[in-house]
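> Got a structure for you, questions after.
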Amino acid sequence: MTGWLVFVGMDRPVKLDLVGDFHRDIRGTKVRLRNPNPAERDGSEKYLEGFSAVQTGEVGDMTAGLPPQDYVNYPYFEIYSEQNGRIVLELDPEQVEVIGMPIPACESDPVSREKQQQNMAAFLGGMAQELGLPPEQTICVGAATVSKPLLKSATRKRPPRMQLLTKEIRGKLPPLDSQDGKGGKAVAWAKFFTPDSNWTWWATYAVLSISRLMPSSGLCGAG
């Protein structure tokens, strides 16, 4: 899949050169994404710091939410980028224009869910290793055991990416449940947000769990 995207806050288009395919509702077509009310440019650059102008990697779930709905019933575009990890755009139907006629659904197979589980497992495995967990214990799959190709994929050397939890922040995060009952007096040690929406999370405590791959964190979302 090839194409380009323009973001407020970036001086040049983001080029997409990805391996994979759309879901059947838009397979064989071109898709134009629009935002009729983009955010003001002032200050928007900071949200895209470290975001590469060239994105390579694999296609995740990409659908306009049209019949046959093999995944979700709304526009959803997912990328597993070698430069910036997992990228997801969730849009309103009026923000997506499908150009051309898709291949008849009866003439092609749905996107493999096993492949998508492997993509997610490789992404989570890489993230867990960036958090300092042992490589041999940082692989997960959706419903089965670990396979050697998946282990190789998840442990391959990746380009530098934004570090979500630095050693300094990890050292400050208090133990699990240590701030329960404090309400508005609880201390938030880190703020996480997604540049493609208004979701924000505040980390109040964390426990690094090898079995779960990800920090078991006390977070609250403000959407």
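Identifiers in the structure tokens: chain A, B, ... in order shown; residue index from 1 per chain; ligand index from 1 in order shown.
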Please list as a ChimeraX atom specification every residue within 9 Å of segment 100-110 of chain A, counting only C-alpha atoms and excluding residues in the same chain fewer than 5 positions away.
/A:23-31,67-68,70
> Between A:Asp61, A:Asp180, A:Glu168, A:Glu97, which has the minimum distance to Ser112 of chain A (counting only C-alpha atoms)?
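The shortest atom-to-atom distance to Ser112 of chain A comes from A:Asp61.
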> Quick one, how far is atom CA of Pro93 of chain A from atom CA of Pro75 of chain A?
6.1 Å
> Report the distance between atom CA of Thr200 of chain A and atom CA of Tyr80 of chain A in Å, rounded to one decimal place.
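About the pair atom CA of Thr200 of chain A and atom CA of Tyr80 of chain A: they are 21.3 Å apart.
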> Counting only C-alpha atoms, figure out which residue out of A:Ala203, A:Leu18, A:Leu5, A:Leu165 gets nearest to Asp177 of chain A.
A:Ala203
> Using only C-alpha atoms, can you tell me which of A:Val59, A:Pro36, A:Phe77, A:Lys46 comes closest to Val19 of chain A?
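Of all the options, A:Val59 lies closest to Val19 of chain A.
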> Set the distance at 9 Å and use only C-alpha atoms: which residues neighbour Phe7 of chain A once local chain neighbours fewer than 6 positions away are removed? I'd like the list as number ranges by chain.
A: 13-14, 38, 48
> Could those residues be written to a file, using N, CA and C atoms, as a PDB file, in the first residue's frame?

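What ended up in part_33.pdb:
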ATOM      1  N   PRO A  13       4.577  16.364   3.307  1.00  0.00           N
ATOM      2  CA  PRO A  13       3.702  15.198   3.413  1.00  0.00           C
ATOM      3  C   PRO A  13       4.437  13.984   3.983  1.00  0.00           C
ATOM      4  N   VAL A  14       3.686  13.126   4.643  1.00  0.00           N
ATOM      5  CA  VAL A  14       4.220  11.867   5.153  1.00  0.00           C
ATOM      6  C   VAL A  14       3.984  10.787   4.094  1.00  0.00           C
ATOM      7  N   PRO A  38      -9.264  21.239  10.566  1.00  0.00           N
ATOM      8  CA  PRO A  38      -7.970  20.912  11.196  1.00  0.00           C
ATOM      9  C   PRO A  38      -7.674  21.837  12.373  1.00  0.00           C
ATOM     10  N   LEU A  48       3.967  16.183  17.027  1.00  0.00           N
ATOM     11  CA  LEU A  48       4.525  15.323  15.996  1.00  0.00           C
ATOM     12  C   LEU A  48       6.051  15.283  16.041  1.00  0.00           C
TER      13      LEU A  48
END
> With distances taken over only C-alpha atoms, which residue among A:Leu66, A:Leu173, A:Ala190, A:Ala122 lies nearest Val96 of chain A?
A:Leu66
> Quick one: pull the distance between atom CA of Gln95 of chain A and atom CA of Gln69 of chain A, Å, one decimal.
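Going from atom CA of Gln95 of chain A over to atom CA of Gln69 of chain A, I get 17.9 Å.
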> Have a look at A:Met1, A:Leu33, A:Leu164, A:Val72 and name the one nearest to Ile99 of chain A; count only C-alpha atoms.
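The closest residue to Ile99 of chain A is A:Leu33.
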> I'd like to know which of A:Phe123, A:Thr63, A:Val111, A:Ala39 is closest to Gly20 of chain A, using only C-alpha atoms.
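Smallest separation from Gly20 of chain A among the options: A:Val111.
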